[in-house]
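Coordinates from upload.txt are shown below (compact mmCIF, C-alpha atoms).
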```txt
# COMPACT_ATOMS: atom_id res chain seq x y z
CA MET A 1 -23.83 -23.55 -3.47
CA GLN A 2 -23.99 -23.07 -7.26
CA THR A 3 -23.25 -19.39 -8.01
CA LYS A 4 -22.74 -17.33 -11.15
CA THR A 5 -18.96 -16.98 -11.73
CA ASN A 6 -19.27 -13.18 -11.64
CA ASP A 7 -20.94 -13.30 -8.22
CA ALA A 8 -18.38 -15.72 -6.76
CA ILE A 9 -15.55 -13.21 -6.40
CA GLY A 10 -14.15 -13.30 -2.86
CA LYS A 11 -15.70 -16.71 -2.17
CA PHE A 12 -13.96 -20.11 -2.05
CA LEU A 13 -14.47 -23.07 -4.39
CA SER A 14 -16.34 -25.90 -2.66
CA MET A 15 -15.59 -28.43 -5.45
CA ASP A 16 -12.71 -29.00 -7.89
CA ILE A 17 -13.23 -27.57 -11.38
CA LEU A 18 -12.33 -30.05 -14.13
CA ASN A 19 -12.07 -29.41 -17.87
CA ALA A 20 -13.77 -31.48 -20.58
CA ASN A 21 -10.87 -33.98 -20.49
CA GLY A 22 -11.25 -34.46 -16.75
CA HIS A 23 -8.07 -32.56 -15.93
CA LEU A 24 -8.01 -30.37 -12.87
CA VAL A 25 -8.42 -26.67 -13.70
CA LEU A 26 -8.82 -25.31 -10.18
CA PRO A 27 -8.76 -27.23 -6.89
CA GLN A 28 -11.36 -26.94 -4.13
CA GLY A 29 -10.62 -24.21 -1.56
CA VAL A 30 -9.17 -21.65 -3.99
CA GLU A 31 -10.43 -18.09 -3.54
CA ILE A 32 -12.09 -16.66 -6.64
CA THR A 33 -10.30 -13.42 -7.50
CA PRO A 34 -11.50 -11.02 -10.24
CA ALA A 35 -8.72 -12.29 -12.56
CA LEU A 36 -9.70 -15.93 -11.91
CA ALA A 37 -13.37 -15.17 -12.58
CA ILE A 38 -12.44 -13.60 -15.92
CA ALA A 39 -10.25 -16.60 -16.81
CA LEU A 40 -13.09 -19.02 -15.96
CA LEU A 41 -15.61 -17.03 -18.00
CA LYS A 42 -13.19 -17.06 -20.94
CA GLN A 43 -13.27 -20.86 -20.74
CA GLY A 44 -17.05 -20.79 -20.82
CA ILE A 45 -17.50 -21.65 -17.11
CA LYS A 46 -20.46 -19.48 -16.21
CA SER A 47 -21.30 -20.92 -12.79
CA ILE A 48 -19.31 -22.64 -10.04
CA ASP A 49 -19.81 -24.23 -6.62
CA VAL A 50 -18.63 -22.05 -3.76
CA ASP A 51 -18.67 -22.19 0.03
CA VAL A 52 -21.01 -19.65 1.55
CA LEU A 53 -21.67 -18.74 5.13
CA SER A 54 -25.24 -19.11 6.26
CA GLU A 55 -27.15 -15.84 6.29
CA GLU A 56 -27.13 -15.84 10.09
CA GLU A 57 -23.34 -16.43 10.40
CA SER A 58 -22.68 -13.74 7.85
CA VAL A 59 -24.77 -11.17 9.75
CA VAL A 60 -23.00 -12.06 13.05
CA ASN A 61 -19.54 -11.74 11.43
CA GLU A 62 -20.42 -8.39 9.90
CA SER A 63 -21.74 -7.06 13.17
CA ASP A 64 -18.56 -8.20 15.03
CA ALA A 65 -16.35 -6.57 12.39
CA ALA A 66 -18.37 -3.35 12.60
CA LYS A 67 -18.02 -3.32 16.40
CA VAL A 68 -14.22 -3.81 16.22
CA PHE A 69 -13.96 -1.09 13.55
CA HIS A 70 -16.02 1.36 15.65
CA GLU A 71 -13.81 0.72 18.70
CA HIS A 72 -10.66 1.24 16.61
CA VAL A 73 -11.92 4.51 15.10
CA ASN A 74 -13.19 5.84 18.44
CA TYR A 75 -9.81 5.12 20.07
CA LEU A 76 -7.87 6.85 17.27
CA PHE A 77 -10.03 9.98 17.51
CA ILE A 78 -9.91 10.41 21.30
CA ARG A 79 -7.24 13.10 20.99
CA HIS A 80 -8.81 14.87 18.00
CA ARG A 81 -11.93 16.82 18.93
CA GLY A 82 -11.90 19.65 16.35
CA PRO A 83 -15.08 20.06 14.24
CA PHE A 84 -13.59 18.66 11.01
CA MET A 85 -12.02 15.68 12.73
CA LYS A 86 -15.32 14.99 14.51
CA GLU A 87 -17.12 15.12 11.19
CA PHE A 88 -14.50 12.82 9.66
CA GLN A 89 -14.99 10.35 12.52
CA THR A 90 -18.78 10.46 12.09
CA TRP A 91 -18.54 9.69 8.36
CA LEU A 92 -16.06 6.87 8.94
CA LEU A 93 -18.46 5.26 11.42
CA LYS A 94 -21.34 5.67 8.96
CA GLU A 95 -19.32 4.00 6.19
CA MET B 96 17.70 5.51 33.38
CA ALA B 97 15.27 3.76 31.02
CA ALA B 98 14.90 6.97 28.99
CA LYS B 99 18.67 7.17 28.63
CA GLY B 100 18.70 3.54 27.44
CA ILE B 101 16.12 4.29 24.77
CA LYS B 102 18.05 7.36 23.62
CA THR B 103 21.21 5.30 23.24
CA GLU B 104 19.31 2.67 21.26
CA GLN B 105 17.71 5.34 19.07
CA ALA B 106 21.11 6.91 18.40
CA GLN B 107 22.57 3.51 17.51
CA TRP B 108 19.67 2.70 15.20
CA LEU B 109 19.99 6.09 13.47
CA GLU B 110 23.72 5.51 13.01
CA ASP B 111 22.99 2.08 11.48
CA VAL B 112 20.57 3.73 9.06
CA ARG B 113 23.09 6.46 8.20
CA VAL B 114 25.75 3.97 7.12
CA ILE B 115 23.45 1.66 5.15
CA ASP B 116 24.82 1.39 1.64
CA SER B 117 22.28 2.58 -0.94
CA ASP B 118 22.94 -0.69 -2.84
CA ARG B 119 21.37 -2.55 0.08
CA VAL B 120 18.19 -0.52 -0.32
CA VAL B 121 17.99 -0.52 -4.11
CA ASN B 122 20.44 -2.88 -5.83
CA ARG B 123 22.66 -1.63 -8.68
CA ASN B 124 20.62 -3.11 -11.54
CA THR B 125 17.44 -1.61 -10.11
CA GLN B 126 19.20 1.75 -9.73
CA ARG B 127 20.31 1.53 -13.39
CA LEU B 128 16.75 0.65 -14.35
CA LEU B 129 15.36 3.67 -12.47
CA GLN B 130 17.94 5.87 -14.22
CA ALA B 131 16.96 4.43 -17.61
CA LEU B 132 13.31 5.15 -16.81
CA LYS B 133 14.20 8.82 -16.28
CA ALA B 134 15.98 9.10 -19.66
CA ASP B 135 14.51 11.24 -22.40
CA PRO B 136 13.91 9.75 -24.92
CA LEU B 137 13.10 6.49 -23.23
CA SER B 138 15.04 3.47 -24.54
CA ILE B 139 12.70 0.47 -24.42
CA ARG B 140 15.57 -1.75 -25.56
CA GLU B 141 17.79 -0.60 -22.69
CA ILE B 142 15.01 -1.04 -20.14
CA THR B 143 14.07 -4.54 -21.29
CA LYS B 144 17.78 -5.45 -21.32
CA LEU B 145 18.17 -4.28 -17.72
CA LEU B 146 15.03 -6.13 -16.73
CA SER B 147 16.33 -9.33 -18.33
CA LEU B 148 19.22 -9.19 -15.84
CA GLU B 149 16.70 -9.27 -12.99
CA PRO B 150 14.22 -12.11 -13.60
CA GLY B 151 13.01 -11.92 -9.99
CA LEU B 152 12.27 -8.23 -10.33
CA SER B 153 10.52 -8.77 -13.68
CA ALA B 154 8.24 -11.41 -12.13
CA LYS B 155 7.51 -9.11 -9.19
CA LEU B 156 6.74 -6.21 -11.55
CA LEU B 157 4.27 -8.31 -13.52
CA MET B 158 2.60 -9.44 -10.29
CA ILE B 159 2.28 -5.85 -9.04
CA CYS B 160 1.04 -4.35 -12.29
CA ASN B 161 -1.56 -7.11 -12.65
CA SER B 162 -2.95 -6.40 -9.18
CA SER B 163 -5.65 -3.79 -8.67
CA PHE B 164 -3.17 -1.89 -6.47
CA PHE B 165 -2.35 -0.04 -9.70
CA GLY B 166 -5.84 -0.18 -11.12
CA PHE B 167 -4.57 -1.25 -14.54
CA PRO B 168 -7.55 -2.18 -16.75
CA ARG B 169 -6.15 -5.23 -18.54
CA GLU B 170 -3.74 -8.06 -17.92
CA VAL B 171 -0.08 -7.45 -18.76
CA ALA B 172 1.56 -10.68 -19.89
CA HIS B 173 5.09 -9.57 -20.83
CA ILE B 174 7.44 -7.13 -19.22
CA GLU B 175 8.09 -5.42 -22.60
CA GLU B 176 4.36 -4.78 -22.79
CA ALA B 177 4.44 -3.26 -19.31
CA VAL B 178 7.23 -0.90 -20.36
CA VAL B 179 5.34 0.28 -23.44
CA ILE B 180 1.85 0.48 -21.96
CA LEU B 181 2.54 1.76 -18.48
CA GLY B 182 5.09 4.38 -19.38
CA ALA B 183 8.14 5.45 -17.43
CA LEU B 184 6.46 7.14 -14.45
CA LYS B 185 4.09 4.30 -13.58
CA LEU B 186 6.79 1.71 -14.15
CA SER B 187 9.15 3.62 -11.85
CA ASN B 188 6.45 3.55 -9.18
CA ILE B 189 6.05 -0.22 -9.63
CA VAL B 190 9.82 -0.68 -9.36
CA TYR B 191 9.78 1.43 -6.19
CA SER B 192 6.92 -0.72 -4.82
CA SER B 193 8.98 -3.86 -5.43
CA VAL B 194 11.75 -2.33 -3.30
CA ILE B 195 9.33 -2.06 -0.37
CA MET B 196 7.99 -5.60 -0.77
CA MET B 197 10.74 -7.39 1.11
CA PRO B 198 10.23 -11.07 1.89
CA THR B 199 9.61 -11.49 5.63
CA GLN B 200 7.80 -13.83 7.99
CA ASP B 201 7.79 -11.31 10.86
CA ILE B 202 4.25 -10.03 11.42
CA GLU B 203 5.41 -6.64 12.77
CA HIS B 204 7.69 -6.20 9.75
CA LYS B 205 4.78 -7.07 7.45
CA LYS B 206 2.65 -4.41 9.18
CA TYR B 207 5.14 -1.70 8.20
CA ILE B 208 5.31 -2.98 4.60
CA LEU B 209 1.50 -3.09 4.41
CA HIS B 210 1.28 0.39 5.91
CA SER B 211 3.66 1.78 3.24
CA LEU B 212 1.80 0.18 0.33
CA MET B 213 -1.60 1.23 1.76
CA THR B 214 -0.41 4.78 2.32
CA ALA B 215 0.94 4.96 -1.25
CA MET B 216 -2.37 3.67 -2.64
CA PHE B 217 -4.34 6.19 -0.56
CA CYS B 218 -1.96 8.96 -1.68
CA ARG B 219 -2.76 8.06 -5.28
CA VAL B 220 -6.54 8.17 -4.81
CA ILE B 221 -6.49 11.33 -2.64
CA ALA B 222 -4.28 13.09 -5.22
CA GLN B 223 -6.71 12.05 -7.98
CA GLN B 224 -9.67 13.24 -5.93
CA ALA B 225 -7.97 16.57 -5.25
CA GLY B 226 -7.11 17.00 -8.93
CA LEU B 227 -3.34 16.83 -8.35
CA ARG B 228 -1.34 15.42 -11.22
CA SER B 229 1.77 14.88 -9.16
CA GLU B 230 3.26 11.41 -8.64
CA VAL B 231 5.15 12.79 -5.65
CA PRO B 232 2.58 11.78 -2.99
CA PHE B 233 2.58 8.16 -4.20
CA THR B 234 6.37 7.85 -3.97
CA ALA B 235 6.47 9.70 -0.64
CA GLY B 236 3.76 7.37 0.68
CA LEU B 237 5.69 4.34 -0.44
CA PHE B 238 8.95 5.46 1.21
CA HIS B 239 7.81 7.49 4.22
CA ILE B 240 8.98 4.78 6.65
CA LEU B 241 11.61 3.17 4.39
CA PRO B 242 14.36 2.94 7.07
CA VAL B 243 11.96 1.05 9.37
CA ILE B 244 11.43 -1.54 6.63
CA VAL B 245 15.06 -1.77 5.49
CA ASN B 246 16.61 -1.69 8.98
CA TYR B 247 13.82 -3.52 10.80
CA GLN B 248 14.51 -5.18 14.13
CA PRO B 249 11.99 -6.85 16.45
CA GLY B 250 10.54 -4.37 18.97
CA ILE B 251 11.48 -1.39 16.80
CA SER B 252 8.23 0.48 17.51
CA ARG B 253 9.48 1.71 20.89
CA LEU B 254 12.37 3.52 19.17
CA LEU B 255 10.22 5.32 16.61
CA SER B 256 9.61 8.85 17.86
CA ALA B 257 8.64 11.49 15.29
CA THR B 258 12.19 12.89 15.41
CA VAL B 259 13.78 9.48 14.84
CA LEU B 260 11.44 8.73 11.95
CA ARG B 261 11.92 12.11 10.31
CA THR B 262 15.72 12.06 10.65
CA SER B 263 16.10 8.52 9.37
CA VAL B 264 13.71 8.95 6.45
CA THR B 265 15.38 12.12 5.22
CA GLN B 266 18.79 10.48 5.53
CA MET B 267 17.84 7.35 3.60
CA MET B 268 15.86 9.16 0.91
CA GLU B 269 18.89 11.37 0.24
CA ASN B 270 21.15 8.30 0.14
CA ILE B 271 19.11 6.66 -2.60
CA ASN B 272 18.81 9.92 -4.54
CA LEU B 273 15.06 10.37 -4.38
CA PRO B 274 13.86 13.71 -5.78
CA THR B 275 13.84 16.66 -3.36
CA SER B 276 10.07 17.04 -3.83
CA VAL B 277 9.53 13.51 -2.46
CA ILE B 278 11.83 14.14 0.51
CA GLN B 279 10.04 17.41 1.31
CA ALA B 280 6.62 15.71 1.13
CA ALA B 281 7.81 12.98 3.53
CA GLU B 282 9.16 15.61 5.93
CA GLY B 283 5.78 17.37 5.74
CA LEU B 284 4.25 14.37 7.48
CA TYR B 285 5.78 15.66 10.73
CA ASN B 286 5.00 19.35 10.19
CA PRO B 287 1.29 20.24 10.50
CA ASN B 288 2.08 23.75 9.23
CA ASP B 289 3.37 22.42 5.91
CA THR B 290 0.64 23.44 3.45
CA LYS B 291 2.09 21.83 0.31
CA PRO B 292 -0.63 19.67 -1.32
CA ASP B 293 1.79 16.72 -1.59
CA SER B 294 2.41 16.81 2.17
CA ILE B 295 -1.30 17.12 2.99
CA CYS B 296 -2.04 14.15 0.71
CA LEU B 297 0.52 12.11 2.61
CA ARG B 298 -0.87 13.11 6.04
CA MET B 299 -4.40 12.15 4.96
CA ALA B 300 -3.20 8.88 3.41
CA PHE B 301 -1.21 8.04 6.56
CA ASP B 302 -4.37 8.35 8.66
CA LEU B 303 -6.53 6.38 6.23
CA SER B 304 -3.97 3.57 6.21
CA ILE B 305 -4.02 3.29 10.02
CA ILE B 306 -7.83 3.41 10.06
CA ALA B 307 -8.14 0.83 7.25
CA MET B 308 -5.75 -1.68 8.79
CA GLY B 309 -7.73 -1.95 12.03
CA LYS B 310 -6.46 -2.24 15.59
CA ASN B 311 -4.62 -5.56 15.10
CA TYR B 312 -2.79 -4.77 11.88
CA ALA B 313 -2.19 -1.00 12.00
CA ALA B 314 1.53 -0.19 12.12
CA PHE B 315 0.93 2.88 14.33
CA SER B 316 -1.55 3.52 17.11
CA HIS B 317 -2.06 7.26 16.57
CA ILE B 318 -3.32 9.33 13.69
CA ILE B 319 -2.31 12.84 12.63
CA ASN B 320 -4.63 15.78 13.31
CA LEU B 321 -6.05 16.81 9.91
CA GLU B 322 -8.20 19.63 11.31
CA HIS B 323 -6.72 22.31 9.04
CA ASP B 324 -5.90 20.02 6.11
CA PHE B 325 -9.46 19.48 4.85
CA ASN B 326 -9.82 23.15 3.90
CA ARG B 327 -6.29 23.40 2.60
CA LEU B 328 -6.89 20.58 0.12
CA GLN B 329 -10.56 21.53 -0.35
CA MET B 330 -11.69 18.05 0.52
CA SER B 331 -14.60 17.38 2.83
CA PRO B 332 -14.34 14.88 5.70
CA LYS B 333 -17.20 12.98 4.03
CA THR B 334 -15.23 12.60 0.78
CA LEU B 335 -12.09 11.42 2.58
CA ALA B 336 -14.08 8.91 4.64
CA GLY B 337 -15.75 7.68 1.43
CA LEU B 338 -12.35 6.76 -0.04
CA LEU B 339 -11.96 4.09 2.62
CA LYS B 340 -14.94 2.17 1.28
CA ALA B 341 -14.23 2.97 -2.38
CA THR B 342 -10.79 1.35 -2.22
CA ARG B 343 -11.73 -1.91 -0.51
CA THR B 344 -10.68 -4.00 -3.53
CA GLU B 345 -7.28 -2.29 -3.67
CA GLN B 346 -6.83 -2.80 0.09
CA ASN B 347 -7.54 -6.53 -0.21
CA GLU B 348 -5.18 -6.77 -3.17
CA ILE B 349 -2.35 -5.17 -1.19
CA ILE B 350 -2.91 -7.58 1.70
CA LYS B 351 -2.70 -10.47 -0.78
CA LEU B 352 0.50 -9.06 -2.35
CA VAL B 353 2.24 -8.90 1.03
CA GLY B 354 0.82 -12.29 2.04
```

Write the structure described by the file as structure tokens, please.
Amino acid sequence: MQTKTNDAIGKFLSMDILNANGHLVLPQGVEITPALAIALLKQGIKSIDVDVLSEEESVVNESDAAKVFHEHVNYLFIRHRGPFMKEFQTWLLKE
Amino acid sequence: MAAKGIKTEQAQWLEDVRVIDSDRVVNRNTQRLLQALKADPLSIREITKLLSLEPGLSAKLLMICNSSFFGFPREVAHIEEAVVILGALKLSNIVYSSVIMMPTQDIEHKKYILHSLMTAMFCRVIAQQAGLRSEVPFTAGLFHILPVIVNYQPGISRLLSATVLRTSVTQMMENINLPTSVIQAAEGLYNPNDTKPDSICLRMAFDLSIIAMGKNYAAFSHIINLEHDFNRLQMSPKTLAGLLKATRTEQNEIIKLVG
């Protein structure tokens, strides 16, 4: 999917990026880091093709990750039931 | 019988840590570099000369200071530039970080390295949030399990009681001549009655690191009780929890650095 370079941070290139001479600048599969995005923008590359999960897959992955995180936090706080620790746990789960 | 076996193994491991030569932890050139970074006035020429003797370290320093682990706003291309722009304190911290980042393929070993770097990063942001100017929490965070990283062996977690950790860390920190304030902050991790802000920072950062790494990658399976620490540092549980989300970029950067 064609995405603005700024919005592609954390995503992976779905096609090679070539310069005007046809030389490879970045190969397919590379993760776009903030530094890479800046370097691409400096070369005038304002949009790139990246792999994106479908909306549905993305929602499922996020919900799995949230479930695992909640279980981890709840386990760590079993032994800590004071009011501040309980509040800390609550805010962590909200985050 | 089993308990006796563990005690013998713990004693042996502690003895191994006690006799580790400080050169094995921080090599001579790096020690000289850290000394030069403490000098007043600072000699840029001396520092760059020492760095030129350690091309591997120079490359590692550039990699670390260009990661968002240090939150530096622009790219640093040359090591001389890093010396001038970052200043002695920050550069010392980067050199210390490079000591922790040992090459390893062992996942358990990596977990301890990740935990140290994460804890140091959280120490930095908690200290900033609490208005502390001290660099002590960062260094204490970086080195609070140093012997585990330097003298790692598979299955080490079963040997690591609080007493073993505290004894070994104090011993090794003294061996490599870390400042007393850093040693005291690291010892404060095991003393909930220690009310020094540096120690509280470290306890909070230790917990955040375990929480952030998740069940599969956390180096430890228990957190410290911070019940009295929130008031002592005048930080609300909401603020501390918020730092977990606010540092997501730094956390990802640390994971990338360790690989």

- line: Pairwise distance, CA of Leu145 in chain B with CA of Gly354 in chain B, equals 27.5 Å

message: With only C-alpha atoms as the counted atoms, please give the residues lying no more than 12 Å from Ile115 in chain B, apart from itself and same-chain residues fewer than 6 positions off, as an MDAnalysis selection string.
response: chainID B and resid 108:109 121 241:242 245:246 263 266:271

- prompt: When the cut-off is 12 Å and we count all atoms listed in the file, which residues of chain A are near chain B, given as a VMD selection string?
  reply: chain A and resid 9 to 10 31 33 to 36 38 to 39 65 to 95

Given the selection you just returned, output its residues as a file containing C-alpha atoms, formatted as a PDB file, keeping the file's coordinate frame.
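Result file is part.pdb:
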```pdb
ATOM      1  CA  ILE A   9     -15.550 -13.210  -6.400  1.00  0.00           C
ATOM      2  CA  GLY A  10     -14.150 -13.300  -2.860  1.00  0.00           C
ATOM      3  CA  GLU A  31     -10.430 -18.090  -3.540  1.00  0.00           C
ATOM      4  CA  THR A  33     -10.300 -13.420  -7.500  1.00  0.00           C
ATOM      5  CA  PRO A  34     -11.500 -11.020 -10.240  1.00  0.00           C
ATOM      6  CA  ALA A  35      -8.720 -12.290 -12.560  1.00  0.00           C
ATOM      7  CA  LEU A  36      -9.700 -15.930 -11.910  1.00  0.00           C
ATOM      8  CA  ILE A  38     -12.440 -13.600 -15.920  1.00  0.00           C
ATOM      9  CA  ALA A  39     -10.250 -16.600 -16.810  1.00  0.00           C
ATOM     10  CA  ALA A  65     -16.350  -6.570  12.390  1.00  0.00           C
ATOM     11  CA  ALA A  66     -18.370  -3.350  12.600  1.00  0.00           C
ATOM     12  CA  LYS A  67     -18.020  -3.320  16.400  1.00  0.00           C
ATOM     13  CA  VAL A  68     -14.220  -3.810  16.220  1.00  0.00           C
ATOM     14  CA  PHE A  69     -13.960  -1.090  13.550  1.00  0.00           C
ATOM     15  CA  HIS A  70     -16.020   1.360  15.650  1.00  0.00           C
ATOM     16  CA  GLU A  71     -13.810   0.720  18.700  1.00  0.00           C
ATOM     17  CA  HIS A  72     -10.660   1.240  16.610  1.00  0.00           C
ATOM     18  CA  VAL A  73     -11.920   4.510  15.100  1.00  0.00           C
ATOM     19  CA  ASN A  74     -13.190   5.840  18.440  1.00  0.00           C
ATOM     20  CA  TYR A  75      -9.810   5.120  20.070  1.00  0.00           C
ATOM     21  CA  LEU A  76      -7.870   6.850  17.270  1.00  0.00           C
ATOM     22  CA  PHE A  77     -10.030   9.980  17.510  1.00  0.00           C
ATOM     23  CA  ILE A  78      -9.910  10.410  21.300  1.00  0.00           C
ATOM     24  CA  ARG A  79      -7.240  13.100  20.990  1.00  0.00           C
ATOM     25  CA  HIS A  80      -8.810  14.870  18.000  1.00  0.00           C
ATOM     26  CA  ARG A  81     -11.930  16.820  18.930  1.00  0.00           C
ATOM     27  CA  GLY A  82     -11.900  19.650  16.350  1.00  0.00           C
ATOM     28  CA  PRO A  83     -15.080  20.060  14.240  1.00  0.00           C
ATOM     29  CA  PHE A  84     -13.590  18.660  11.010  1.00  0.00           C
ATOM     30  CA  MET A  85     -12.020  15.680  12.730  1.00  0.00           C
ATOM     31  CA  LYS A  86     -15.320  14.990  14.510  1.00  0.00           C
ATOM     32  CA  GLU A  87     -17.120  15.120  11.190  1.00  0.00           C
ATOM     33  CA  PHE A  88     -14.500  12.820   9.660  1.00  0.00           C
ATOM     34  CA  GLN A  89     -14.990  10.350  12.520  1.00  0.00           C
ATOM     35  CA  THR A  90     -18.780  10.460  12.090  1.00  0.00           C
ATOM     36  CA  TRP A  91     -18.540   9.690   8.360  1.00  0.00           C
ATOM     37  CA  LEU A  92     -16.060   6.870   8.940  1.00  0.00           C
ATOM     38  CA  LEU A  93     -18.460   5.260  11.420  1.00  0.00           C
ATOM     39  CA  LYS A  94     -21.340   5.670   8.960  1.00  0.00           C
ATOM     40  CA  GLU A  95     -19.320   4.000   6.190  1.00  0.00           C
TER      41      GLU A  95
END
```

- request: Name the residues in contact with Leu13 in chain A at a cut-off of 9 Å, using only C-alpha atoms, excluding same-chain residues fewer than 2 positions from it; report them as number ranges by chain.
  value: A: 8, 11, 15-17, 26-32, 48-51

Interatomic distance (Å, one decimal) between CA of Glu176 in chain B and CA of Asn124 in chain B: 19.8 Å

query: Which residue out of A:Asn19, A:Met1, A:Phe12, A:Asn6 has the minimum interatomic distance to Gln43 in chain A when only C-alpha atoms are used?
result: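 Nearest to Gln43 in chain A: A:Asn19.
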
- request: List the neighbours of Ile240 in chain B out to 8 Å using only C-alpha atoms; skip same-chain residues closer than 3 positions along the sequence, and give me the result as a PyMOL selection string.
  value: chain B and resi 207+211+237+243-244+260+264
